[in-house]
file final05.txt (compact mmCIF, N, CA and C atoms)
# COMPACT_ATOMS: atom_id res chain seq x y z
N MET G 1 12.44 -3.13 7.60
CA MET G 1 11.81 -2.14 6.72
C MET G 1 10.35 -1.93 7.11
N LEU G 2 9.71 -2.98 7.60
CA LEU G 2 8.31 -2.86 8.02
C LEU G 2 8.16 -1.86 9.16
N GLU G 3 9.09 -1.92 10.12
CA GLU G 3 9.05 -1.00 11.25
C GLU G 3 9.24 0.44 10.77
N LEU G 4 10.15 0.64 9.83
CA LEU G 4 10.38 1.98 9.27
C LEU G 4 9.12 2.48 8.57
N LYS G 5 8.46 1.61 7.82
CA LYS G 5 7.22 2.01 7.14
C LYS G 5 6.17 2.43 8.15
N LYS G 6 6.06 1.71 9.24
CA LYS G 6 5.08 2.07 10.28
C LYS G 6 5.38 3.45 10.85
N ARG G 7 6.65 3.72 11.08
CA ARG G 7 7.05 5.02 11.62
C ARG G 7 6.79 6.15 10.62
N LEU G 8 7.05 5.88 9.35
CA LEU G 8 6.78 6.87 8.31
C LEU G 8 5.28 7.16 8.22
N LEU G 9 4.47 6.09 8.25
CA LEU G 9 3.02 6.26 8.19
C LEU G 9 2.50 7.08 9.37
N SER G 10 3.05 6.83 10.56
CA SER G 10 2.58 7.58 11.74
C SER G 10 2.87 9.07 11.58
N ILE G 11 3.98 9.41 10.93
CA ILE G 11 4.28 10.83 10.64
C ILE G 11 3.26 11.38 9.66
N LEU G 12 3.03 10.66 8.55
CA LEU G 12 2.14 11.16 7.50
C LEU G 12 0.70 11.27 7.97
N GLU G 13 0.31 10.42 8.92
CA GLU G 13 -1.09 10.42 9.39
C GLU G 13 -1.29 11.30 10.62
N SER G 14 -0.22 11.92 11.12
CA SER G 14 -0.31 12.74 12.32
C SER G 14 -1.20 13.97 12.10
N PRO G 15 -2.21 14.16 12.96
CA PRO G 15 -3.07 15.35 12.82
C PRO G 15 -2.40 16.62 13.36
N LYS G 16 -1.28 16.48 14.07
CA LYS G 16 -0.65 17.62 14.73
C LYS G 16 0.16 18.51 13.79
N HIS G 17 0.56 17.98 12.65
CA HIS G 17 1.51 18.70 11.80
C HIS G 17 0.92 19.00 10.43
N ASN G 18 1.36 20.12 9.84
CA ASN G 18 0.94 20.43 8.48
C ASN G 18 1.80 19.62 7.50
N THR G 19 1.45 19.67 6.24
CA THR G 19 2.11 18.85 5.22
C THR G 19 3.61 19.12 5.17
N GLU G 20 4.00 20.38 5.19
CA GLU G 20 5.42 20.75 5.14
C GLU G 20 6.19 20.11 6.30
N GLU G 21 5.62 20.21 7.50
CA GLU G 21 6.26 19.63 8.69
C GLU G 21 6.36 18.11 8.58
N LYS G 22 5.31 17.49 8.07
CA LYS G 22 5.32 16.03 7.90
C LYS G 22 6.43 15.60 6.94
N LEU G 23 6.57 16.31 5.83
CA LEU G 23 7.58 15.95 4.84
C LEU G 23 8.98 16.16 5.42
N GLU G 24 9.15 17.20 6.21
CA GLU G 24 10.45 17.43 6.83
C GLU G 24 10.77 16.31 7.83
N LYS G 25 9.77 15.89 8.60
CA LYS G 25 9.96 14.80 9.56
C LYS G 25 10.30 13.48 8.84
N VAL G 26 9.66 13.25 7.70
CA VAL G 26 9.97 12.07 6.88
C VAL G 26 11.44 12.10 6.47
N CYS G 27 11.91 13.26 5.99
CA CYS G 27 13.32 13.41 5.59
C CYS G 27 14.25 13.11 6.76
N HIS G 28 13.93 13.65 7.94
CA HIS G 28 14.76 13.42 9.13
C HIS G 28 14.81 11.94 9.48
N LEU G 29 13.66 11.28 9.46
CA LEU G 29 13.61 9.87 9.84
C LEU G 29 14.44 9.02 8.87
N LEU G 30 14.28 9.24 7.57
CA LEU G 30 15.06 8.48 6.58
C LEU G 30 16.55 8.74 6.77
N ASP G 31 16.89 10.01 7.01
CA ASP G 31 18.29 10.40 7.20
C ASP G 31 18.89 9.69 8.43
N GLN G 32 18.11 9.59 9.49
CA GLN G 32 18.59 8.95 10.72
C GLN G 32 18.68 7.43 10.59
N GLU G 33 17.73 6.84 9.90
CA GLU G 33 17.60 5.37 9.89
C GLU G 33 18.43 4.67 8.82
N ILE G 34 18.73 5.35 7.73
CA ILE G 34 19.47 4.70 6.64
C ILE G 34 20.80 5.44 6.48
N SER G 35 21.86 4.77 6.89
CA SER G 35 23.17 5.42 7.05
C SER G 35 23.70 6.04 5.77
N TYR G 36 23.39 5.44 4.63
CA TYR G 36 23.93 5.95 3.36
C TYR G 36 22.99 6.94 2.67
N PHE G 37 21.91 7.36 3.33
CA PHE G 37 21.08 8.47 2.84
C PHE G 37 21.70 9.73 3.41
N ASN G 38 22.45 10.48 2.59
CA ASN G 38 23.20 11.63 3.09
C ASN G 38 22.58 12.98 2.73
N TRP G 39 21.59 12.99 1.86
CA TRP G 39 20.79 14.19 1.57
C TRP G 39 19.44 13.65 1.13
N THR G 40 18.39 14.07 1.81
CA THR G 40 17.05 13.56 1.55
C THR G 40 16.11 14.74 1.42
N GLY G 41 15.43 14.83 0.27
CA GLY G 41 14.53 15.96 0.09
C GLY G 41 13.45 15.71 -0.95
N PHE G 42 12.52 16.63 -0.97
CA PHE G 42 11.41 16.59 -1.92
C PHE G 42 11.51 17.75 -2.89
N TYR G 43 11.15 17.49 -4.13
CA TYR G 43 10.97 18.52 -5.15
C TYR G 43 9.54 18.39 -5.66
N PHE G 44 8.93 19.53 -5.98
CA PHE G 44 7.56 19.51 -6.49
C PHE G 44 7.45 20.37 -7.75
N LYS G 45 6.51 19.99 -8.61
CA LYS G 45 6.24 20.77 -9.83
C LYS G 45 5.93 22.19 -9.40
N ASN G 46 6.56 23.14 -10.08
CA ASN G 46 6.42 24.56 -9.74
C ASN G 46 5.27 25.18 -10.54
N GLY G 47 4.07 25.07 -9.99
CA GLY G 47 2.89 25.63 -10.67
C GLY G 47 2.69 25.02 -12.04
N ASP G 48 2.52 25.88 -13.05
CA ASP G 48 2.31 25.41 -14.42
C ASP G 48 3.61 25.32 -15.20
N LYS G 49 4.73 25.66 -14.56
CA LYS G 49 6.02 25.67 -15.25
C LYS G 49 6.58 24.26 -15.36
N ASP G 50 7.37 24.03 -16.40
CA ASP G 50 8.06 22.75 -16.56
C ASP G 50 9.36 22.78 -15.78
N GLU G 51 9.20 22.89 -14.46
CA GLU G 51 10.36 22.92 -13.57
C GLU G 51 9.94 22.41 -12.20
N LEU G 52 10.95 22.01 -11.44
CA LEU G 52 10.75 21.53 -10.08
C LEU G 52 11.23 22.58 -9.10
N LYS G 53 10.55 22.65 -7.96
CA LYS G 53 10.92 23.59 -6.90
C LYS G 53 11.25 22.78 -5.65
N LEU G 54 12.34 23.13 -5.00
CA LEU G 54 12.77 22.43 -3.80
C LEU G 54 11.74 22.57 -2.68
N GLY G 55 11.44 21.44 -2.06
CA GLY G 55 10.55 21.42 -0.89
C GLY G 55 11.37 21.11 0.35
N PRO G 56 10.73 20.52 1.36
CA PRO G 56 11.46 20.17 2.59
C PRO G 56 12.60 19.20 2.30
N TYR G 57 13.71 19.40 3.02
CA TYR G 57 14.85 18.49 2.85
C TYR G 57 15.70 18.50 4.10
N VAL G 58 16.58 17.52 4.20
CA VAL G 58 17.56 17.40 5.27
C VAL G 58 18.90 17.12 4.62
N GLY G 59 19.91 17.89 4.99
CA GLY G 59 21.24 17.71 4.42
C GLY G 59 21.86 19.05 4.14
N ALA G 60 22.99 19.02 3.45
CA ALA G 60 23.70 20.25 3.13
C ALA G 60 22.83 21.16 2.25
N PRO G 61 22.96 22.48 2.43
CA PRO G 61 22.21 23.40 1.57
C PRO G 61 22.55 23.16 0.09
N THR G 62 21.57 23.39 -0.78
CA THR G 62 21.78 23.20 -2.22
C THR G 62 21.44 24.47 -2.98
N ASP G 63 22.19 24.70 -4.06
CA ASP G 63 21.89 25.82 -4.96
C ASP G 63 20.74 25.46 -5.90
N HIS G 64 20.42 24.17 -5.98
CA HIS G 64 19.42 23.69 -6.94
C HIS G 64 18.01 23.77 -6.34
N THR G 65 17.53 25.01 -6.18
CA THR G 65 16.18 25.21 -5.63
C THR G 65 15.13 25.15 -6.74
N ILE G 66 15.55 25.41 -7.97
CA ILE G 66 14.69 25.26 -9.15
C ILE G 66 15.46 24.40 -10.16
N ILE G 67 14.79 23.34 -10.64
CA ILE G 67 15.42 22.45 -11.62
C ILE G 67 14.50 22.33 -12.84
N PRO G 68 14.98 22.74 -14.01
CA PRO G 68 14.16 22.60 -15.24
C PRO G 68 13.94 21.12 -15.57
N TYR G 69 12.77 20.82 -16.10
CA TYR G 69 12.50 19.45 -16.56
C TYR G 69 13.59 19.03 -17.54
N GLY G 70 14.04 17.80 -17.39
CA GLY G 70 15.06 17.25 -18.28
C GLY G 70 16.48 17.45 -17.77
N LYS G 71 16.70 18.36 -16.83
CA LYS G 71 18.06 18.64 -16.33
C LYS G 71 18.34 17.81 -15.08
N GLY G 72 19.51 17.19 -15.06
CA GLY G 72 19.89 16.41 -13.90
C GLY G 72 19.01 15.18 -13.72
N ILE G 73 19.23 14.46 -12.63
CA ILE G 73 18.48 13.24 -12.38
C ILE G 73 17.02 13.59 -12.05
N CYS G 74 16.84 14.60 -11.20
CA CYS G 74 15.47 15.01 -10.83
C CYS G 74 14.68 15.47 -12.05
N GLY G 75 15.30 16.28 -12.87
CA GLY G 75 14.63 16.78 -14.07
C GLY G 75 14.29 15.67 -15.05
N GLN G 76 15.14 14.64 -15.10
CA GLN G 76 14.87 13.50 -15.98
C GLN G 76 13.68 12.68 -15.47
N VAL G 77 13.57 12.52 -14.15
CA VAL G 77 12.46 11.77 -13.56
C VAL G 77 11.14 12.52 -13.78
N ALA G 78 11.19 13.86 -13.78
CA ALA G 78 10.00 14.66 -14.04
C ALA G 78 9.45 14.38 -15.44
N VAL G 79 10.34 13.98 -16.36
CA VAL G 79 9.95 13.69 -17.75
C VAL G 79 9.63 12.20 -17.94
N SER G 80 10.46 11.32 -17.37
CA SER G 80 10.31 9.87 -17.61
C SER G 80 9.20 9.24 -16.78
N ASN G 81 8.85 9.85 -15.64
CA ASN G 81 7.87 9.29 -14.71
C ASN G 81 8.30 7.96 -14.11
N GLU G 82 9.58 7.70 -14.07
CA GLU G 82 10.09 6.44 -13.54
C GLU G 82 11.20 6.69 -12.53
N THR G 83 11.27 5.82 -11.52
CA THR G 83 12.35 5.89 -10.55
C THR G 83 13.68 5.74 -11.28
N PHE G 84 14.66 6.54 -10.88
CA PHE G 84 15.98 6.53 -11.52
C PHE G 84 17.02 6.31 -10.43
N ILE G 85 17.77 5.23 -10.56
CA ILE G 85 18.88 4.95 -9.64
C ILE G 85 20.18 5.18 -10.38
N VAL G 86 21.03 6.02 -9.82
CA VAL G 86 22.34 6.29 -10.41
C VAL G 86 23.41 5.78 -9.44
N PRO G 87 24.02 4.62 -9.75
CA PRO G 87 25.01 4.03 -8.85
C PRO G 87 26.26 4.89 -8.67
N ASP G 88 26.64 5.62 -9.75
CA ASP G 88 27.84 6.46 -9.72
C ASP G 88 27.55 7.71 -10.54
N VAL G 89 27.35 8.84 -9.85
CA VAL G 89 26.96 10.07 -10.54
C VAL G 89 28.01 10.55 -11.54
N TYR G 90 29.26 10.13 -11.33
CA TYR G 90 30.32 10.58 -12.25
C TYR G 90 30.28 9.86 -13.59
N GLN G 91 29.46 8.81 -13.69
CA GLN G 91 29.26 8.11 -14.96
C GLN G 91 28.04 8.66 -15.71
N GLU G 92 27.37 9.62 -15.13
CA GLU G 92 26.12 10.15 -15.69
C GLU G 92 26.39 11.51 -16.35
N ASN G 93 26.08 11.62 -17.66
CA ASN G 93 26.33 12.87 -18.38
C ASN G 93 25.44 14.01 -17.90
N ASN G 94 24.16 13.72 -17.67
CA ASN G 94 23.19 14.75 -17.33
C ASN G 94 22.98 14.77 -15.82
N TYR G 95 24.02 15.15 -15.09
CA TYR G 95 23.97 15.18 -13.63
C TYR G 95 24.25 16.59 -13.13
N LEU G 96 23.40 17.07 -12.22
CA LEU G 96 23.62 18.37 -11.58
C LEU G 96 24.28 18.11 -10.23
N SER G 97 25.50 18.53 -10.08
CA SER G 97 26.24 18.28 -8.84
C SER G 97 25.77 19.22 -7.73
N CYS G 98 25.30 18.61 -6.64
CA CYS G 98 24.89 19.40 -5.47
C CYS G 98 26.03 19.50 -4.48
N SER G 99 26.84 18.46 -4.42
CA SER G 99 27.92 18.39 -3.44
C SER G 99 29.04 17.53 -4.00
N ILE G 100 30.27 17.89 -3.72
CA ILE G 100 31.39 17.07 -4.19
C ILE G 100 31.39 15.71 -3.48
N ASP G 101 30.68 15.62 -2.34
CA ASP G 101 30.63 14.37 -1.59
C ASP G 101 29.65 13.35 -2.20
N THR G 102 28.71 13.84 -3.02
CA THR G 102 27.70 12.94 -3.58
C THR G 102 28.32 11.98 -4.58
N LYS G 103 28.05 10.70 -4.38
CA LYS G 103 28.58 9.65 -5.27
C LYS G 103 27.46 8.91 -6.01
N ALA G 104 26.25 8.85 -5.40
CA ALA G 104 25.13 8.11 -5.98
C ALA G 104 23.84 8.85 -5.66
N GLU G 105 22.80 8.55 -6.45
CA GLU G 105 21.52 9.23 -6.27
C GLU G 105 20.38 8.31 -6.67
N ILE G 106 19.27 8.44 -5.95
CA ILE G 106 18.03 7.76 -6.32
C ILE G 106 16.90 8.77 -6.24
N VAL G 107 16.05 8.78 -7.27
CA VAL G 107 14.91 9.69 -7.32
C VAL G 107 13.67 8.88 -7.70
N ALA G 108 12.61 9.04 -6.88
CA ALA G 108 11.34 8.35 -7.16
C ALA G 108 10.23 9.39 -7.30
N PRO G 109 9.40 9.24 -8.35
CA PRO G 109 8.34 10.22 -8.60
C PRO G 109 7.13 10.04 -7.67
N ILE G 110 6.42 11.15 -7.47
CA ILE G 110 5.17 11.16 -6.71
C ILE G 110 4.05 11.48 -7.70
N PHE G 111 3.03 10.62 -7.72
CA PHE G 111 1.89 10.82 -8.62
C PHE G 111 0.64 11.15 -7.83
N LYS G 112 -0.14 12.10 -8.35
CA LYS G 112 -1.44 12.43 -7.80
C LYS G 112 -2.40 12.45 -8.97
N GLU G 113 -3.45 11.63 -8.90
CA GLU G 113 -4.44 11.54 -9.98
C GLU G 113 -3.76 11.32 -11.33
N GLY G 114 -2.74 10.45 -11.33
CA GLY G 114 -2.07 10.08 -12.56
C GLY G 114 -1.04 11.07 -13.07
N LYS G 115 -0.88 12.20 -12.38
CA LYS G 115 0.10 13.22 -12.82
C LYS G 115 1.32 13.18 -11.92
N ASN G 116 2.50 13.35 -12.53
CA ASN G 116 3.76 13.43 -11.80
C ASN G 116 3.83 14.83 -11.19
N ILE G 117 3.69 14.90 -9.86
CA ILE G 117 3.62 16.21 -9.19
C ILE G 117 4.88 16.53 -8.38
N GLY G 118 5.77 15.54 -8.28
CA GLY G 118 6.98 15.78 -7.50
C GLY G 118 7.79 14.51 -7.35
N GLN G 119 8.72 14.54 -6.39
CA GLN G 119 9.61 13.40 -6.23
C GLN G 119 10.36 13.48 -4.91
N ILE G 120 10.86 12.34 -4.50
CA ILE G 120 11.80 12.31 -3.40
C ILE G 120 13.17 12.05 -4.01
N ASP G 121 14.16 12.77 -3.51
CA ASP G 121 15.52 12.72 -4.04
C ASP G 121 16.46 12.37 -2.90
N ILE G 122 17.27 11.33 -3.08
CA ILE G 122 18.23 10.92 -2.06
C ILE G 122 19.62 10.91 -2.70
N ASP G 123 20.56 11.58 -2.04
CA ASP G 123 21.96 11.53 -2.44
C ASP G 123 22.72 10.69 -1.42
N SER G 124 23.74 10.00 -1.89
CA SER G 124 24.58 9.21 -0.99
C SER G 124 26.04 9.54 -1.23
N HIS G 125 26.82 9.47 -0.17
CA HIS G 125 28.27 9.69 -0.27
C HIS G 125 29.00 8.37 -0.55
N THR G 126 28.23 7.32 -0.83
CA THR G 126 28.76 5.98 -1.11
C THR G 126 28.43 5.61 -2.55
N ILE G 127 29.37 4.99 -3.25
CA ILE G 127 29.08 4.52 -4.62
C ILE G 127 28.20 3.27 -4.55
N ASN G 128 27.15 3.26 -5.36
CA ASN G 128 26.25 2.12 -5.55
C ASN G 128 25.67 1.53 -4.25
N PRO G 129 25.08 2.37 -3.39
CA PRO G 129 24.55 1.84 -2.13
C PRO G 129 23.09 1.38 -2.20
N PHE G 130 22.35 1.84 -3.23
CA PHE G 130 20.90 1.66 -3.22
C PHE G 130 20.50 0.25 -3.65
N THR G 131 19.53 -0.31 -2.91
CA THR G 131 19.07 -1.67 -3.13
C THR G 131 17.65 -1.68 -3.70
N ASP G 132 17.21 -2.86 -4.12
CA ASP G 132 15.81 -3.01 -4.55
C ASP G 132 14.88 -2.67 -3.39
N GLU G 133 15.30 -2.98 -2.17
CA GLU G 133 14.50 -2.67 -0.99
C GLU G 133 14.35 -1.15 -0.83
N ASP G 134 15.42 -0.40 -1.11
CA ASP G 134 15.34 1.07 -1.05
C ASP G 134 14.35 1.59 -2.09
N ARG G 135 14.45 1.06 -3.30
CA ARG G 135 13.53 1.47 -4.38
C ARG G 135 12.10 1.21 -3.96
N GLU G 136 11.84 0.01 -3.45
CA GLU G 136 10.49 -0.36 -3.05
C GLU G 136 9.99 0.56 -1.93
N LEU G 137 10.85 0.84 -0.96
CA LEU G 137 10.48 1.71 0.16
C LEU G 137 10.12 3.11 -0.35
N LEU G 138 10.96 3.67 -1.21
CA LEU G 138 10.73 5.03 -1.69
C LEU G 138 9.50 5.12 -2.58
N GLU G 139 9.27 4.10 -3.41
CA GLU G 139 8.06 4.11 -4.26
C GLU G 139 6.81 3.99 -3.40
N TRP G 140 6.88 3.14 -2.36
CA TRP G 140 5.77 3.02 -1.42
C TRP G 140 5.55 4.37 -0.72
N LEU G 141 6.64 4.99 -0.25
CA LEU G 141 6.55 6.27 0.45
C LEU G 141 5.93 7.35 -0.43
N CYS G 142 6.34 7.42 -1.69
CA CYS G 142 5.79 8.43 -2.61
C CYS G 142 4.28 8.24 -2.78
N ASN G 143 3.86 6.99 -2.83
CA ASN G 143 2.42 6.70 -2.92
C ASN G 143 1.70 7.19 -1.66
N GLU G 144 2.29 6.96 -0.51
CA GLU G 144 1.68 7.41 0.76
C GLU G 144 1.69 8.94 0.86
N VAL G 145 2.79 9.56 0.43
CA VAL G 145 2.89 11.03 0.48
C VAL G 145 1.82 11.67 -0.41
N SER G 146 1.56 11.05 -1.56
CA SER G 146 0.56 11.63 -2.49
C SER G 146 -0.81 11.75 -1.83
N LYS G 147 -1.11 10.91 -0.86
CA LYS G 147 -2.41 10.92 -0.19
C LYS G 147 -2.61 12.16 0.69
N ILE G 148 -1.50 12.81 1.11
CA ILE G 148 -1.64 13.99 1.98
C ILE G 148 -1.44 15.29 1.21
N LEU G 149 -1.18 15.20 -0.08
CA LEU G 149 -0.93 16.41 -0.89
C LEU G 149 -2.23 16.90 -1.53
call {"tool": "encode", "arguments": {"input": "final05.txt", "output": "structure tokens"}}
result
Amino acid sequence: MLELKKRLLSILESPKHNTEEKLEKVCHLLDQEISYFNWTGFYFKNGDKDELKLGPYVGAPTDHTIIPYGKGICGQVAVSNETFIVPDVYQENNYLSCSIDTKAEIVAPIFKEGKNIGQIDIDSHTINPFTDEDRELLEWLCNEVSKIL
């Protein structure tokens, strides 16, 4: 995990790429390195609205380009300000299905100056794949991402 963190940091600190490109490269790296990360993307607060807007991502196209606060896992994290791990999406009442292949989801919030400004969202085609190490990695990553936003 340390090696992965170093590689992620080198992307975020690269002077060659703009923020959008960096976030897309982060998605690609996570997608390549962690076999059960099957959709990896960022959502960000949409201006002054209580909704999230899809940012850079890697994976199947999604219809969920705008998500109201409180809806689905991402919308719930926008309200709770806490990482949410869903081992089995079919056990979750407030779940927005992006793909019939998705079985589990983890969402970690991104804070800037104490405000929840976005999140990283990972879907998996495996039931209950996410570990404490994944949570720690994503929370660390969100903290690092906030520094370039």
call {"tool": "atom_distance", "arguments": {"input": "final05.txt", "atom1": "atom N of Ser14 in chain G", "atom2": "CA of Cys74 in chain G"}}
result
27.2 Å
call {"tool": "atom_distance", "arguments": {"input": "final05.txt", "atom1": "CA of Val58 in chain G", "atom2": "CA of Thr102 in chain G"}}
result
14.2 Å
call {"tool": "closest_residue", "arguments": {"input": "final05.txt", "among": "G:Ile117, G:Leu96, G:Leu2, G:Leu23", "to": "Gly55 in chain G", "atoms": "only C-alpha atoms"}}
result
G:Leu23
call {"tool": "select_by_dssp", "arguments": {"input": "final05.txt", "residues": "range 10-106 of chain G", "states": "strand (DSSP E)", "output": "list in words"}}
result
Trp39, Thr40, Gly41, Phe42, Tyr43, Phe44, Lys45, Glu51, Leu52, Lys53, Leu54, Gly55, Pro56, Tyr57, Val58, Ile66, Ile67, Pro68, Phe84, Ile85, Val86, Ala104, Glu105 and Ile106 of chain G
call {"tool": "atom_distance", "arguments": {"input": "final05.txt", "atom1": "atom C of Thr83 in chain G", "atom2": "atom N of Leu9 in chain G"}}
result
21.6 Å
call {"tool": "select_by_dssp", "arguments": {"input": "final05.txt", "residues": "range 17-122 of chain G", "states": "alpha helix (DSSP H)", "output": "MDAnalysis selection string"}}
result
chainID G and resid 19:33 72:80
call {"tool": "closest_atom_pairs", "arguments": {"input": "final05.txt", "of": "range 19-114 of chain G", "to": "range 124-133 of chain G", "cutoff": "6.5 Å", "atoms": "all atoms listed in the file", "output": "Markdown table"}}
result
| residue | atom | partner | partner_atom | distance |
| --- | --- | --- | --- | --- |
| G:Tyr36 | C | G:Ser124 | CA | 4.6 |
| G:Phe37 | CA | G:Ser124 | CA | 5.2 |
| G:Asn38 | N | G:Ser124 | CA | 4.4 |
| G:Trp39 | N | G:Ser124 | N | 5.3 |
| G:Val86 | C | G:Asn128 | CA | 6.0 |
| G:Pro87 | C | G:Asn128 | N | 3.8 |
| G:Asp88 | N | G:Asn128 | N | 5.0 |
| G:Asp101 | C | G:His125 | CA | 4.4 |
| G:Thr102 | CA | G:Ser124 | C | 4.5 |
| G:Lys103 | N | G:Ser124 | C | 3.9 |
| G:Ala104 | C | G:Ser124 | N | 3.9 |
| G:Glu105 | N | G:Ser124 | N | 4.9 |
| G:Ile106 | N | G:Ser124 | N | 6.2 |
call {"tool": "closest_residue", "arguments": {"input": "final05.txt", "among": "G:Ile100, G:Ala108, G:Cys142, G:Asp134", "to": "Phe84 in chain G", "atoms": "all atoms listed in the file"}}
result
G:Ala108
call {"tool": "closest_residue", "arguments": {"input": "final05.txt", "among": "G:Pro15, G:Gly70, G:Pro56, G:Gly75", "to": "Val107 in chain G", "atoms": "only C-alpha atoms"}}
result
G:Gly75
call {"tool": "residues_around", "arguments": {"input": "final05.txt", "residues": "Ile73 in chain G", "least_positions_apart": "4", "cutoff": "6 Å", "atoms": "all atoms listed in the file", "output": "compact mmCIF listing (two decimals) with N, CA and C atoms, in the frame of the given file"}}
result
# COMPACT_ATOMS: atom_id res chain seq x y z
N VAL G 77 13.57 12.52 -14.15
CA VAL G 77 12.46 11.77 -13.56
C VAL G 77 11.14 12.52 -13.78
N ASN G 94 24.16 13.72 -17.67
CA ASN G 94 23.19 14.75 -17.33
C ASN G 94 22.98 14.77 -15.82
N TYR G 95 24.02 15.15 -15.09
CA TYR G 95 23.97 15.18 -13.63
C TYR G 95 24.25 16.59 -13.13
N LEU G 96 23.40 17.07 -12.22
CA LEU G 96 23.62 18.37 -11.58
C LEU G 96 24.28 18.11 -10.23
call {"tool": "closest_residue", "arguments": {"input": "final05.txt", "among": "G:Leu141, G:Ile110, G:Leu29, G:Cys98", "to": "Pro61 in chain G", "atoms": "only N, CA and C atoms"}}
result
G:Cys98
call {"tool": "residues_around", "arguments": {"input": "final05.txt", "residues": "range 40-53 of chain G", "least_positions_apart": "2", "cutoff": "6 Å", "atoms": "only C-alpha atoms", "output": "list of chain:residue names"}}
result
G:Cys27, G:Gly55, G:Pro56, G:Tyr57, G:Val58, G:Thr65, G:Ile66, G:Ile67, G:Pro68, G:Tyr69, G:Ile117, G:Gly118, G:Gln119, G:Ile120, G:Asp121, G:Ile122
call {"tool": "decode", "arguments": {"input": "final05.txt", "residues": "range 110-123 of chain G", "atoms": "N, CA, C and O atoms", "output": "short mmCIF file (atom, residue, chain, number, x, y, z; two decimals), in the first residue's frame"}}
result
data_model
loop_
_atom_site.label_atom_id
_atom_site.label_comp_id
_atom_site.auth_asym_id
_atom_site.auth_seq_id
_atom_site.Cartn_x
_atom_site.Cartn_y
_atom_site.Cartn_z
N ILE G 110 -14.35 14.16 0.64
CA ILE G 110 -13.21 15.06 0.49
C ILE G 110 -13.58 16.37 1.18
O ILE G 110 -14.61 16.97 0.87
N PHE G 111 -12.72 16.80 2.11
CA PHE G 111 -12.96 18.05 2.84
C PHE G 111 -11.94 19.10 2.44
O PHE G 111 -10.76 18.80 2.28
N LYS G 112 -12.41 20.34 2.29
CA LYS G 112 -11.53 21.48 2.06
C LYS G 112 -11.98 22.55 3.03
O LYS G 112 -13.15 22.93 3.04
N GLU G 113 -11.06 23.00 3.88
CA GLU G 113 -11.36 24.02 4.89
C GLU G 113 -12.59 23.63 5.71
O GLU G 113 -13.48 24.44 5.96
N GLY G 114 -12.66 22.34 6.07
CA GLY G 114 -13.72 21.85 6.93
C GLY G 114 -15.05 21.59 6.24
O GLY G 114 -16.01 21.15 6.87
N LYS G 115 -15.14 21.87 4.94
CA LYS G 115 -16.40 21.65 4.20
C LYS G 115 -16.27 20.41 3.32
O LYS G 115 -15.25 20.19 2.68
N ASN G 116 -17.36 19.63 3.27
CA ASN G 116 -17.44 18.45 2.40
C ASN G 116 -17.67 18.96 0.97
O ASN G 116 -18.74 19.46 0.66
N ILE G 117 -16.63 18.83 0.14
CA ILE G 117 -16.71 19.40 -1.22
C ILE G 117 -16.83 18.33 -2.30
O ILE G 117 -16.98 18.64 -3.48
N GLY G 118 -16.72 17.06 -1.89
CA GLY G 118 -16.80 16.00 -2.88
C GLY G 118 -16.48 14.66 -2.27
O GLY G 118 -16.46 14.51 -1.05
N GLN G 119 -16.21 13.69 -3.15
CA GLN G 119 -15.96 12.33 -2.66
C GLN G 119 -15.36 11.46 -3.75
O GLN G 119 -15.45 11.80 -4.94
N ILE G 120 -14.75 10.39 -3.30
CA ILE G 120 -14.35 9.35 -4.23
C ILE G 120 -15.33 8.20 -4.04
O ILE G 120 -15.74 7.90 -2.90
N ASP G 121 -15.75 7.62 -5.15
CA ASP G 121 -16.76 6.56 -5.15
C ASP G 121 -16.17 5.35 -5.86
O ASP G 121 -15.69 5.48 -6.99
N ILE G 122 -16.20 4.19 -5.21
CA ILE G 122 -15.70 2.96 -5.81
C ILE G 122 -16.81 1.92 -5.79
O ILE G 122 -17.41 1.68 -4.74
N ASP G 123 -17.07 1.33 -6.95
CA ASP G 123 -18.00 0.21 -7.04
C ASP G 123 -17.20 -1.07 -7.28
O ASP G 123 -16.16 -1.03 -7.94
#
